[in-house]
>>> print(open('work-v1.cif').read())   # mmCIF, C-alpha atoms
data_query
#
loop_
_atom_site.label_atom_id
_atom_site.label_comp_id
_atom_site.auth_asym_id
_atom_site.auth_seq_id
_atom_site.Cartn_x
_atom_site.Cartn_y
_atom_site.Cartn_z
CA MET A 14 0.00 0.00 0.00
CA SER A 15 1.44 3.36 -0.95
CA ASN A 16 -1.23 5.55 0.70
CA HIS A 17 -0.78 5.16 4.42
CA ALA A 18 -3.36 6.44 6.83
CA GLU A 19 -2.62 9.82 8.31
CA ARG A 20 -0.78 9.45 11.63
CA ASN A 21 -3.20 11.72 13.49
CA LEU A 22 -6.09 9.52 12.40
CA LEU A 23 -4.45 6.39 13.80
CA HIS A 24 -4.27 8.06 17.19
CA ALA A 25 -7.80 9.42 16.98
CA TYR A 26 -8.85 5.86 16.18
CA LEU A 27 -7.01 4.46 19.20
CA ASP A 28 -8.54 7.18 21.40
CA ASP A 29 -12.08 6.53 20.19
CA GLU A 30 -12.25 10.01 18.80
CA LEU A 31 -13.26 9.02 15.25
CA ASP A 32 -16.86 8.92 14.15
CA LEU A 33 -18.24 5.56 13.08
CA VAL A 34 -17.83 6.08 9.34
CA ARG A 35 -14.21 7.18 9.51
CA SER A 36 -13.48 4.51 12.05
CA MET A 37 -14.79 1.84 9.68
CA ASP A 38 -12.87 3.31 6.75
CA LEU A 39 -9.72 3.11 8.78
CA GLU A 40 -10.38 -0.47 9.82
CA ASP A 41 -10.77 -1.34 6.15
CA HIS A 42 -7.43 0.25 5.49
CA LEU A 43 -5.75 -1.55 8.39
CA ALA A 44 -7.01 -4.87 7.06
CA GLN A 45 -5.09 -4.27 3.85
CA CYS A 46 -2.05 -2.31 4.97
CA GLY A 47 0.49 -4.23 7.03
CA ASP A 48 2.57 -1.14 7.83
CA CYS A 49 -0.33 0.79 9.29
CA ALA A 50 -1.58 -2.28 11.18
CA HIS A 51 1.90 -2.77 12.64
CA GLU A 52 1.95 0.89 13.64
CA VAL A 53 -1.42 0.62 15.38
CA ALA A 54 -0.31 -2.55 17.20
CA SER A 55 2.81 -0.78 18.42
CA TYR A 56 0.86 2.22 19.71
CA ARG A 57 -1.68 -0.03 21.33
CA ALA A 58 1.16 -1.74 23.21
CA LEU A 59 2.50 1.69 24.19
CA ARG A 60 -0.86 2.68 25.63
CA GLU A 61 -1.03 -0.59 27.56
CA ALA A 62 2.41 0.04 29.01
CA VAL A 63 1.47 3.60 29.94
CA SER A 64 -1.82 2.68 31.57
CA ALA A 65 -0.18 -0.17 33.47
CA ALA A 66 2.54 2.13 34.79
CA ASP A 67 2.05 3.83 38.11
CA LEU A 68 2.00 7.46 37.07
CA ARG A 69 -0.22 9.20 39.56
CA TYR A 70 1.32 11.23 42.34
CA GLU A 71 -0.52 11.50 45.62
CA VAL A 72 -1.17 15.00 46.90
CA PRO A 73 0.99 15.23 50.05
CA ALA A 74 -1.31 15.33 53.09
CA GLU A 75 0.66 18.14 54.66
CA PHE A 76 0.30 20.22 51.50
CA ARG A 77 -3.42 19.57 51.33
CA SER A 78 -4.06 20.75 54.86
CA ARG A 79 -1.88 23.83 54.37
CA LEU A 80 -3.82 24.64 51.22
CA MET A 81 -7.17 24.30 52.98
CA ALA A 82 -6.00 26.72 55.64
CA GLU A 83 -4.89 29.18 52.94
CA LEU A 84 -8.24 28.95 51.19
CA LYS A 85 -10.10 29.80 54.38
CA GLU A 86 -7.73 32.69 54.90
CA VAL A 87 -8.19 34.09 51.43
CA ASP A 88 -11.98 34.15 51.61
CA ARG A 89 -12.09 37.72 52.73
CA PRO A 90 -13.07 40.14 50.01
CA GLN A 91 -10.79 42.91 51.27
CA ALA A 92 -7.80 40.73 52.05
CA VAL A 93 -4.85 42.42 50.44
CA THR A 94 -2.13 39.87 50.87
CA VAL A 95 -1.74 36.21 50.22
CA ILE A 96 1.27 35.13 52.17
CA ARG A 97 2.89 32.01 50.91
CA HIS A 98 4.34 29.72 53.53
CA ARG A 99 6.54 27.34 51.62
CA ARG A 100 10.28 27.90 51.35
CA ALA A 101 11.41 31.21 52.65
CA PRO A 102 14.50 32.71 51.06
CA TRP A 103 15.74 35.88 52.76
CA TRP A 104 14.04 38.22 50.32
CA SER A 105 10.62 36.73 50.84
CA TRP A 106 10.53 37.91 54.45
CA ALA A 107 11.30 41.41 53.27
CA THR A 108 8.47 41.32 50.71
CA VAL A 109 6.08 39.80 53.19
CA ALA A 110 6.97 42.53 55.68
CA ALA A 111 6.40 45.15 53.00
CA CYS A 112 3.04 43.66 52.14
CA VAL A 113 1.99 43.51 55.76
CA LEU A 114 2.93 47.18 56.07
CA ILE A 115 0.92 48.08 53.01
CA ALA A 116 -1.98 45.96 54.18
CA ALA A 117 -1.84 47.57 57.60
CA SER A 118 -1.79 51.06 56.14
CA ALA A 119 -4.72 50.19 53.89
CA PHE A 120 -6.60 48.99 56.93
CA VAL A 121 -5.90 52.10 58.95
CA LEU A 122 -6.97 54.31 56.06
CA ASP A 123 -10.10 52.24 55.63
CA LEU A 124 -11.22 53.32 59.08
CA ARG A 125 -11.09 56.89 57.83
CA HIS A 126 -13.87 56.28 55.31
CA ARG A 127 -11.69 55.03 52.54
CA ALA A 128 -9.54 57.97 51.59
CA PRO A 129 -8.55 57.88 47.90
CA ASP A 130 -5.12 56.74 49.02
CA THR A 131 -6.60 53.46 50.20
CA LEU A 132 -7.17 52.51 46.63
CA ALA A 133 -3.63 53.51 45.70
CA SER A 134 -2.35 51.32 48.54
CA GLU A 135 -4.40 48.41 47.37
CA VAL A 136 -3.32 48.60 43.76
CA VAL A 137 0.29 49.00 44.87
CA ALA A 138 -0.13 45.88 47.01
CA ASP A 139 -1.63 44.06 44.03
CA HIS A 140 1.24 45.24 41.87
CA VAL A 141 3.86 44.12 44.38
CA ARG A 142 2.17 40.79 44.82
CA SER A 143 2.03 40.25 41.08
CA LEU A 144 5.79 40.72 40.96
CA MET A 145 6.50 38.66 44.05
CA ALA A 146 4.36 35.63 43.40
CA THR A 147 4.82 33.76 40.18
CA HIS A 148 1.74 35.20 38.59
CA ILE A 149 2.30 38.48 36.89
CA THR A 150 0.32 37.22 33.92
CA ASP A 151 -2.21 34.48 33.27
CA VAL A 152 -2.01 34.98 29.55
CA VAL A 153 1.45 35.67 28.24
CA THR A 154 1.73 37.33 24.88
CA SER A 155 2.67 40.56 23.23
CA ASP A 156 -0.30 40.27 20.90
CA GLN A 157 -3.27 42.42 21.91
CA HIS A 158 -5.52 40.19 19.81
CA THR A 159 -4.65 37.28 22.09
CA VAL A 160 -4.88 39.16 25.37
CA LYS A 161 -8.24 40.77 24.73
CA PRO A 162 -10.21 37.63 23.87
CA TRP A 163 -8.54 35.85 26.78
CA PHE A 164 -10.56 38.05 29.14
CA ASN A 165 -13.83 37.07 27.43
CA GLY A 166 -16.11 35.22 29.79
CA LYS A 167 -13.75 35.86 32.69
CA LEU A 168 -15.06 39.38 33.36
CA ASP A 169 -18.33 41.15 32.69
CA PHE A 170 -16.56 43.85 30.71
CA SER A 171 -13.98 43.96 27.96
CA PRO A 172 -10.81 45.67 29.13
CA GLN A 173 -8.76 47.97 26.96
CA VAL A 174 -5.67 46.24 25.59
CA ARG A 175 -3.41 48.32 23.36
CA ASP A 176 -0.37 47.67 21.24
CA LEU A 177 1.93 50.49 22.27
CA SER A 178 5.20 48.86 21.34
CA ALA A 179 5.85 51.64 18.79
CA ASP A 180 5.75 54.05 21.73
CA GLY A 181 8.14 51.94 23.77
CA PHE A 182 5.63 50.14 25.96
CA ASP A 183 5.65 46.42 25.31
CA LEU A 184 2.56 44.41 26.05
CA VAL A 185 3.51 41.52 28.35
CA GLY A 186 0.12 39.91 28.98
CA GLY A 187 -3.01 39.99 31.09
CA ARG A 188 -4.21 38.70 34.39
CA LEU A 189 -7.37 38.61 36.46
CA ASP A 190 -7.19 40.47 39.74
CA TYR A 191 -9.38 41.82 42.48
CA VAL A 192 -9.39 45.53 43.32
CA ASP A 193 -11.57 47.56 45.64
CA GLY A 194 -14.08 44.73 45.91
CA HIS A 195 -14.36 44.27 42.15
CA ASN A 196 -13.11 41.71 39.71
CA ALA A 197 -10.54 43.61 37.71
CA ALA A 198 -8.46 43.15 34.60
CA ALA A 199 -4.74 43.70 34.96
CA VAL A 200 -3.07 44.40 31.64
CA VAL A 201 0.69 44.28 31.98
CA TYR A 202 3.04 46.48 29.98
CA GLN A 203 6.77 46.83 30.26
CA ARG A 204 9.23 49.64 29.58
CA ARG A 205 12.87 48.66 29.89
CA LYS A 206 12.95 46.55 33.07
CA HIS A 207 9.92 48.22 34.63
CA MET A 208 6.70 46.29 34.84
CA ILE A 209 3.48 48.28 34.68
CA ASN A 210 0.14 46.94 35.84
CA VAL A 211 -2.88 48.73 34.38
CA PHE A 212 -5.91 47.70 36.44
CA SER A 213 -9.43 48.35 35.20
CA TRP A 214 -12.83 47.59 36.63
CA ILE A 215 -16.42 48.80 36.37
CA ALA A 216 -16.84 52.10 38.21
CA SER A 217 -19.67 54.14 39.54
CA GLY A 218 -19.80 57.93 39.39
CA SER A 219 -18.66 60.49 36.87
CA ASP A 220 -15.43 60.70 34.90
CA GLU A 221 -12.32 61.83 36.74
CA GLU A 222 -9.10 63.24 35.34
CA PRO A 223 -5.85 61.32 36.03
CA ARG A 224 -4.49 61.83 39.50
CA VAL A 225 -0.93 60.95 40.36
CA THR A 226 0.11 59.63 43.75
CA ALA A 227 3.16 57.87 45.06
CA GLN A 228 3.05 54.96 47.47
CA GLN A 229 5.94 52.95 48.87
CA GLY A 230 8.16 54.01 46.01
CA TYR A 231 5.60 53.20 43.32
CA ASN A 232 3.79 55.71 41.17
CA VAL A 233 0.06 55.31 40.79
CA ILE A 234 -2.09 57.14 38.26
CA ALA A 235 -5.82 56.72 38.67
CA TRP A 236 -8.66 57.98 36.49
CA LYS A 237 -12.24 57.24 35.54
CA THR A 238 -13.74 57.32 32.12
CA GLY A 239 -16.74 55.82 30.36
CA GLY A 240 -17.97 53.93 33.40
CA MET A 241 -14.58 52.31 34.02
CA GLU A 242 -12.05 53.02 36.70
CA TYR A 243 -8.34 52.66 35.91
CA SER A 244 -5.15 52.54 37.93
CA ALA A 245 -1.69 52.33 36.40
CA VAL A 246 1.01 51.24 38.85
CA SER A 247 4.75 50.97 38.36
CA ASP A 248 8.16 51.81 39.72
CA LEU A 249 8.64 53.62 36.43
CA ASN A 250 9.14 57.37 36.85
CA ARG A 251 6.13 59.63 36.96
CA GLN A 252 6.74 61.27 33.61
CA GLU A 253 6.95 58.05 31.62
CA LEU A 254 4.00 56.54 33.44
CA SER A 255 1.98 59.67 32.59
CA GLU A 256 3.06 59.19 28.99
CA LEU A 257 1.55 55.69 29.01
CA VAL A 258 -1.64 56.98 30.58
CA SER A 259 -2.09 59.67 27.92
CA LEU A 260 -1.54 57.02 25.23
CA LEU A 261 -4.14 54.79 26.85
CA ARG A 262 -6.59 57.68 27.07
CA LYS A 263 -6.28 58.61 23.40
CA MET B 20 -20.09 43.41 50.33
CA GLN B 21 -20.03 39.70 50.81
CA ASN B 22 -21.86 38.46 53.88
CA SER B 23 -20.95 35.33 55.78
CA ALA B 24 -23.84 33.28 54.33
CA ASP B 25 -22.66 34.05 50.78
CA SER B 26 -19.16 33.25 51.85
CA ALA B 27 -20.14 29.89 53.33
CA GLU B 28 -22.06 29.09 50.16
CA LYS B 29 -19.10 30.02 47.99
CA ILE B 30 -16.81 27.75 50.00
CA ALA B 31 -19.33 24.91 49.80
CA ARG B 32 -19.69 25.29 46.04
CA PHE B 33 -15.94 25.52 45.55
CA GLU B 34 -15.47 22.38 47.64
CA ALA B 35 -18.03 20.57 45.50
CA VAL B 36 -16.97 21.77 42.03
CA VAL B 37 -13.23 22.49 42.14
CA LEU B 38 -11.65 20.80 45.11
CA PRO B 39 -12.29 17.24 43.86
CA HIS B 40 -9.84 18.05 41.05
CA LEU B 41 -6.97 18.96 43.34
CA ASN B 42 -5.32 15.65 42.54
CA ALA B 43 -5.51 16.35 38.79
CA ALA B 44 -4.17 19.87 39.35
CA TYR B 45 -1.31 18.60 41.49
CA ASN B 46 -0.42 15.87 38.99
CA VAL B 47 -0.28 18.22 36.03
CA ALA B 48 1.91 20.58 38.08
CA ARG B 49 4.08 17.72 39.33
CA TRP B 50 4.66 16.21 35.89
CA MET B 51 5.32 19.55 34.25
CA THR B 52 7.78 20.84 36.88
CA ARG B 53 9.26 17.40 37.60
CA ASN B 54 9.72 18.18 41.28
CA THR B 55 7.58 18.31 44.41
CA ALA B 56 8.46 21.76 45.72
CA ASP B 57 7.62 23.65 42.52
CA ALA B 58 4.56 21.48 41.96
CA GLU B 59 3.23 22.47 45.39
CA ASP B 60 3.90 26.13 44.65
CA ILE B 61 2.08 26.01 41.36
CA ALA B 62 -0.82 23.92 42.61
CA GLN B 63 -1.28 26.23 45.58
CA GLU B 64 -1.08 29.36 43.48
CA ALA B 65 -3.57 27.92 41.00
CA MET B 66 -6.04 26.82 43.70
CA LEU B 67 -5.93 30.24 45.34
CA ARG B 68 -6.50 31.92 42.01
CA ALA B 69 -9.32 29.53 41.21
CA PHE B 70 -10.91 30.37 44.52
CA ARG B 71 -10.58 34.11 44.06
CA PHE B 72 -12.03 33.95 40.58
CA PHE B 73 -14.63 31.36 41.32
CA ASP B 74 -17.26 34.06 40.69
CA THR B 75 -16.26 34.03 37.03
CA PHE B 76 -16.81 30.27 36.80
CA ARG B 77 -19.78 29.83 34.46
CA GLY B 78 -20.69 26.25 35.23
CA GLU B 79 -18.42 24.67 32.65
CA ASP B 80 -16.42 21.53 33.51
CA GLY B 81 -14.70 22.19 36.84
CA ARG B 82 -11.70 20.05 35.97
CA VAL B 83 -11.11 21.71 32.60
CA TRP B 84 -11.51 25.13 34.20
CA LEU B 85 -9.06 24.33 37.01
CA LEU B 86 -6.47 22.70 34.74
CA THR B 87 -6.52 25.77 32.50
CA ILE B 88 -5.59 27.89 35.51
CA VAL B 89 -2.90 25.38 36.55
CA ARG B 90 -1.42 25.47 33.09
CA ASN B 91 -1.38 29.28 32.99
CA THR B 92 0.27 29.35 36.39
CA TYR B 93 2.83 26.83 35.17
CA LEU B 94 3.59 28.87 32.04
CA THR B 95 4.20 31.95 34.16
CA TRP B 96 6.56 29.89 36.31
CA VAL B 97 8.43 28.64 33.24
CA ARG B 98 9.05 32.17 32.06
CA ARG B 99 10.93 32.83 35.28
CA GLN B 100 13.19 29.82 34.99
CA VAL B 101 16.65 29.88 33.54
CA PRO B 102 16.41 29.15 29.80
CA GLN B 103 17.47 25.74 28.48
CA GLN B 104 16.15 24.00 31.55
CA ASN B 105 14.12 21.74 29.33
CA SER B 106 17.17 20.00 27.93
CA ALA B 107 16.99 21.49 24.45
CA GLU B 108 20.05 19.54 23.38
CA PHE B 109 18.35 16.28 24.15
CA ASP B 110 15.22 17.32 22.28
CA GLU B 111 17.23 17.89 19.12
CA ARG B 112 18.46 14.34 19.16
CA LEU B 113 14.96 13.16 19.80
CA HIS B 114 13.54 14.98 16.84
CA THR B 115 16.07 13.61 14.40
CA ASP B 116 15.69 10.12 15.78
CA ILE B 117 12.02 10.09 15.00
CA GLU B 118 12.50 10.66 11.32
CA ALA B 119 14.60 7.53 10.92
CA ALA B 120 13.06 5.43 13.64
CA LEU B 121 11.59 2.02 13.04
CA THR B 122 8.33 1.05 14.68
CA PRO B 123 9.20 -0.61 17.98
CA GLU B 124 7.68 -4.03 18.44
CA GLY B 125 4.70 -4.28 20.75
CA GLU B 126 6.43 -6.83 22.98
CA VAL B 127 9.30 -4.48 23.70
CA LEU B 128 6.91 -1.75 24.79
CA ARG B 129 4.62 -4.01 26.79
CA GLN B 130 7.54 -5.21 28.91
CA ALA B 131 8.51 -1.70 29.95
CA THR B 132 8.58 -1.13 33.69
CA SER B 133 6.74 1.67 35.48
CA GLU B 134 10.07 3.34 36.06
CA GLN B 135 10.98 3.25 32.37
CA VAL B 136 7.62 4.72 31.36
CA ARG B 137 7.91 7.48 33.95
CA ARG B 138 11.41 8.40 32.90
CA ALA B 139 10.42 8.46 29.24
CA ILE B 140 7.47 10.77 29.93
CA GLU B 141 9.65 13.07 32.02
CA ASN B 142 12.04 13.37 29.11
CA LEU B 143 9.41 14.48 26.64
CA PRO B 144 9.54 18.14 25.67
CA PRO B 145 6.90 19.98 27.74
CA GLU B 146 4.41 20.72 24.97
CA PHE B 147 4.22 16.99 24.20
CA ARG B 148 4.39 15.88 27.83
CA GLU B 149 1.33 17.91 28.74
CA VAL B 150 -0.94 16.47 26.04
CA ILE B 151 0.23 12.93 26.75
CA LEU B 152 -0.54 13.36 30.44
CA MET B 153 -3.90 14.95 29.91
CA ARG B 154 -4.84 12.13 27.59
CA GLU B 155 -3.31 9.10 29.33
CA LEU B 156 -3.45 10.08 32.98
CA GLU B 157 -6.42 12.45 33.19
CA GLN B 158 -8.19 10.82 30.23
CA LEU B 159 -9.39 14.12 28.85
CA SER B 160 -11.03 14.12 25.43
CA TYR B 161 -9.31 15.90 22.52
CA LYS B 162 -11.80 18.73 22.89
CA GLU B 163 -11.06 19.11 26.57
CA ILE B 164 -7.31 19.11 25.96
CA ALA B 165 -7.81 21.81 23.32
CA ALA B 166 -9.76 23.86 25.87
CA VAL B 167 -7.16 23.49 28.62
CA THR B 168 -4.18 24.19 26.38
CA GLN B 169 -6.00 26.89 24.41
CA THR B 170 -4.80 25.39 21.15
CA PRO B 171 -6.75 24.22 18.07
CA LEU B 172 -7.90 20.60 17.92
CA GLY B 173 -5.54 19.91 15.01
CA THR B 174 -2.56 20.99 17.10
CA VAL B 175 -3.66 18.73 19.95
CA MET B 176 -3.87 15.80 17.54
CA SER B 177 -0.48 16.34 15.99
CA ARG B 178 1.17 16.87 19.39
CA LEU B 179 -0.37 13.69 20.68
CA SER B 180 0.79 11.83 17.60
CA ARG B 181 4.35 13.15 17.78
CA GLY B 182 4.42 12.84 21.55
CA ARG B 183 3.54 9.16 21.41
CA SER B 184 6.06 8.59 18.67
CA MET B 185 8.81 10.10 20.84
CA LEU B 186 7.61 8.27 23.91
CA ARG B 187 7.76 4.97 22.09
CA GLN B 188 11.32 5.66 20.95
CA LEU B 189 12.41 6.71 24.43
CA ILE B 190 11.02 3.57 26.01
CA ALA B 191 12.45 1.29 23.33
CA ARG B 192 15.85 2.95 23.63
CA GLN B 193 15.88 2.62 27.41
CA ARG B 194 15.06 -1.05 27.14
CA GLN B 195 17.82 -1.59 24.60
CA THR B 196 20.51 0.07 26.72
CA GLU B 197 19.40 -1.78 29.83
CA VAL B 198 19.46 -5.10 28.02
CA LYS B 199 22.99 -4.35 26.77
CA HIS B 200 24.11 -3.57 30.32
CA HIS B 201 22.83 -6.88 31.53
CA VAL B 202 24.59 -8.91 28.83
#
>>> encode(input="work-v1.cif", output="structure tokens")
Amino acid sequence: MSNHAERNLLHAYLDDELDLVRSMDLEDHLAQCGDCAHEVASYRALREAVSAADLRYEVPAEFRSRLMAELKEVDRPQAVTVIRHRRAPWWSWATVAACVLIAASAFVLDLRHRAPDTLASEVVADHVRSLMATHITDVVTSDQHTVKPWFNGKLDFSPQVRDLSADGFDLVGGRLDYVDGHNAAAVVYQRRKHMINVFSWIASGSDEEPRVTAQQGYNVIAWKTGGMEYSAVSDLNRQELSELVSLLRK
Amino acid sequence: MQNSADSAEKIARFEAVVLPHLNAAYNVARWMTRNTADAEDIAQEAMLRAFRFFDTFRGEDGRVWLLTIVRNTYLTWVRRQVPQQNSAEFDERLHTDIEAALTPEGEVLRQATSEQVRRAIENLPPEFREVILMRELEQLSYKEIAAVTQTPLGTVMSRLSRGRSMLRQLIARQRQTEVKHHV
């Protein structure tokens, strides 16, 4: 036989993923083609070996109970930090301390009827956490046409994702986050080594012009437009961060 | 504001829909990172994220939904690792081997030990390892694998096909070298 069955089809056949007609066509072919039949027999043996092998890892009991404790801890809408307990290199204590400080300051400010700075503290904490934990982005790509659809179905709004690479801001990716009691989109840009989180969520109230604040060595620019609230956070200098904000507002 | 009744309900729903798949989440993380410490980190991170974003869960398959988050968390982790960790040199050899390889006999494969199968899977390049695991260990359908990996069905099929071809070679080669050592 010169026309062998397509490799992908052999596997789909073995996995029961072919419809009846194609499955029967393939069986006809296997009856006549020794090479393809040999191939199928070999893969069938492979699958037997794989399913006979002990491949499943047990979830360590100690890990499971630690995780359950973490989950209970995290179920607080205003919780600002998620402190990770495993392995503690020297720098992690410093970051944890910083986060606790930020969290504490957010809490104190909260008592004073949520001064605008509370929000800045929270987005700074979110920004720091995104850098500290291994989750700056859930979707990693420089293509805005990949990032934007990624948010579909994950949020009840469609966040703004722009290609600003020509202006020196590279799109790194996107992430889901939680800000000020709302599900928020975090779109991540980068200039040189500086990561920039642009948070957006559905806002109430009228439009507000960009307002710049500084918190813990990070610049925060917040504004409201078209029913959305935005906060851009970075250790990038104020001027360049403002430049990004004006580009985003164009 | 979330009241405590809502909160209790959320926990209960999360425990019913997502938590049963912790083992699947941990296994994907464990096989992809190839070590316990990083697997725990990734599984934990993913579960916490799943919990925080459980409000966005629209009643689709809980396992597919969770594994998608695990995979995204893993990819972010990979980006932070030193490049070339995935033994690129070895992969090159693998790819060229496949072109010339003969079909290993069924008997050779069937006699493979658990250890040989595990080692062979661990040595697969990650994009092939993940589809093999999702198919063979988690028994996900092609459609579900496409959903978790956010790749077209055709890509899933060709990765599975190439992945199995490499796996077969790796197992057969291990058996050959071990037989030689014994002689």
>>> closest_residue(input="work-v1.cif", among="B:Val83, B:Val175, B:Gly78, B:Gln63", to="chain A", atoms="only C-alpha atoms")
B:Gln63
>>> residues_around(input="work-v1.cif", residues="B:Thr174", least_positions_apart="4", cutoff="12 Å", atoms="all atoms listed in the file", output="list in words")
Asn21 of chain A; Glu146, Phe147, Val150, Tyr161, Lys162, Ile164, Ala165, Ala166, Thr168, Gln169, Thr170, Arg178, Leu179, Ser180, Arg181 and Gly182 of chain B
>>> atom_distance(input="work-v1.cif", atom1="atom CA of B:Asp74", atom2="atom CA of B:Lys29")
8.5 Å
>>> atom_distance(input="work-v1.cif", atom1="atom CA of B:Ser26", atom2="atom CA of A:Asp190")
18.5 Å
>>> closest_atom_pairs(input="work-v1.cif", of="chain A", to="chain B", cutoff="8 Å", atoms="only C-alpha atoms", output="CSV")
residue,atom,partner,partner_atom,distance
A:Arg20,CA,B:Ser180,CA,6.6
A:Asn21,CA,B:Ser180,CA,5.7
A:His24,CA,B:Ser180,CA,6.3
A:Ala25,CA,B:Met176,CA,7.5
A:Glu30,CA,B:Tyr161,CA,7.6
A:His51,CA,B:Thr122,CA,7.8
A:Glu52,CA,B:Thr122,CA,6.5
A:Ala54,CA,B:Gly125,CA,6.4
A:Ser55,CA,B:Gly125,CA,4.6
A:Tyr56,CA,B:Gly125,CA,7.6
A:Arg57,CA,B:Gly125,CA,7.7
A:Ala58,CA,B:Gly125,CA,5.0
A:Leu59,CA,B:Leu128,CA,5.6
A:Arg60,CA,B:Glu155,CA,7.8
A:Glu61,CA,B:Arg129,CA,6.6
A:Ala62,CA,B:Arg129,CA,5.1
A:Val63,CA,B:Val136,CA,6.4
A:Ser64,CA,B:Glu155,CA,7.0
A:Ala65,CA,B:Ser133,CA,7.4
A:Ala66,CA,B:Ser133,CA,4.3
A:Asp67,CA,B:Ser133,CA,5.8
A:Leu68,CA,B:Arg137,CA,6.7
A:Arg69,CA,B:Asn46,CA,6.7
A:Tyr70,CA,B:Asn46,CA,6.0
A:Glu71,CA,B:Asn42,CA,7.1
A:Val72,CA,B:Asn42,CA,6.1
A:Phe76,CA,B:Glu59,CA,7.1
A:Leu80,CA,B:Gln63,CA,6.4
A:Glu83,CA,B:Leu67,CA,7.7
A:Leu84,CA,B:Leu67,CA,6.4
A:Val87,CA,B:Leu67,CA,7.6
A:Asp88,CA,B:Ser26,CA,7.2
A:Pro90,CA,B:Gln21,CA,7.0
A:Arg99,CA,B:Asp60,CA,7.6
A:Thr147,CA,B:Trp96,CA,5.7
A:His148,CA,B:Thr95,CA,6.0
A:Ile149,CA,B:Thr95,CA,7.3
A:Thr150,CA,B:Thr95,CA,6.5
A:Asp151,CA,B:Asn91,CA,5.3
A:Val152,CA,B:Asn91,CA,6.7
A:Val153,CA,B:Thr95,CA,7.5
A:Gly166,CA,B:Thr75,CA,7.3
A:Lys167,CA,B:Thr75,CA,5.3
A:Leu168,CA,B:Thr75,CA,6.6
A:Leu189,CA,B:Phe72,CA,7.8
A:Tyr191,CA,B:Arg71,CA,8.0
A:Gly194,CA,B:Met20,CA,7.6
A:Asn196,CA,B:Phe72,CA,7.9
>>> residues_around(input="work-v1.cif", residues="stretch 245-260 of chain A", least_positions_apart="3", cutoff="9 Å", atoms="all atoms listed in the file", output="ChimeraX atom specification")
/A:133,136-137,140,177,180,182,204,206-213,223,225,227,230-236,263
>>> write_last_selection(input="work-v1.cif", atoms="C-alpha atoms", output="compact mmCIF listing (two decimals), in the frame of the given file")
# COMPACT_ATOMS: atom_id res chain seq x y z
CA ALA A 133 -3.63 53.51 45.70
CA VAL A 136 -3.32 48.60 43.76
CA VAL A 137 0.29 49.00 44.87
CA HIS A 140 1.24 45.24 41.87
CA LEU A 177 1.93 50.49 22.27
CA ASP A 180 5.75 54.05 21.73
CA PHE A 182 5.63 50.14 25.96
CA ARG A 204 9.23 49.64 29.58
CA LYS A 206 12.95 46.55 33.07
CA HIS A 207 9.92 48.22 34.63
CA MET A 208 6.70 46.29 34.84
CA ILE A 209 3.48 48.28 34.68
CA ASN A 210 0.14 46.94 35.84
CA VAL A 211 -2.88 48.73 34.38
CA PHE A 212 -5.91 47.70 36.44
CA SER A 213 -9.43 48.35 35.20
CA PRO A 223 -5.85 61.32 36.03
CA VAL A 225 -0.93 60.95 40.36
CA ALA A 227 3.16 57.87 45.06
CA GLY A 230 8.16 54.01 46.01
CA TYR A 231 5.60 53.20 43.32
CA ASN A 232 3.79 55.71 41.17
CA VAL A 233 0.06 55.31 40.79
CA ILE A 234 -2.09 57.14 38.26
CA ALA A 235 -5.82 56.72 38.67
CA TRP A 236 -8.66 57.98 36.49
CA LYS A 263 -6.28 58.61 23.40
>>> atom_distance(input="work-v1.cif", atom1="atom CA of A:Val201", atom2="atom CA of A:Asp176")
11.3 Å
>>> closest_residue(input="work-v1.cif", among="B:Glu163, B:Asp80, B:Leu85, B:Arg53", to="B:Arg138", atoms="all atoms listed in the file")
B:Arg53
>>> closest_residue(input="work-v1.cif", among="A:Leu39, A:Val192, A:Leu27, A:Ala82", to="A:Asp139", atoms="all atoms listed in the file")
A:Val192
>>> resolve_selection(input="work-v1.cif", expression="the PyMOL selection byres ((chain A and resi 242) around 9)", output="ChimeraX atom specification")
/A:212-217,220-221,235-241,243-244
>>> residues_around(input="work-v1.cif", residues="stretch 43-50 of chain A", least_positions_apart="6", cutoff="10 Å", atoms="all atoms listed in the file", output="PyMOL selection string")
(chain A and resi 14-20+23+37+56) or (chain B and resi 122)
>>> decode(input="work-v1.cif", residues="stretch 146-151 of chain B", atoms="N, CA and C atoms", output="short mmCIF file (atom, residue, chain, number, x, y, z; two decimals), in the first residue's frame")
data_model
loop_
_atom_site.label_atom_id
_atom_site.label_comp_id
_atom_site.auth_asym_id
_atom_site.auth_seq_id
_atom_site.Cartn_x
_atom_site.Cartn_y
_atom_site.Cartn_z
N GLU B 146 5.67 20.57 25.71
CA GLU B 146 4.41 20.72 24.97
C GLU B 146 3.84 19.37 24.58
N PHE B 147 4.71 18.34 24.50
CA PHE B 147 4.22 16.99 24.20
C PHE B 147 3.84 16.27 25.49
N ARG B 148 4.66 16.53 26.54
CA ARG B 148 4.39 15.88 27.83
C ARG B 148 3.00 16.24 28.32
N GLU B 149 2.62 17.51 28.18
CA GLU B 149 1.33 17.91 28.74
C GLU B 149 0.15 17.23 28.05
N VAL B 150 0.21 17.11 26.70
CA VAL B 150 -0.94 16.47 26.04
C VAL B 150 -0.99 14.98 26.34
N ILE B 151 0.19 14.36 26.42
CA ILE B 151 0.23 12.93 26.75
C ILE B 151 -0.39 12.68 28.12
#
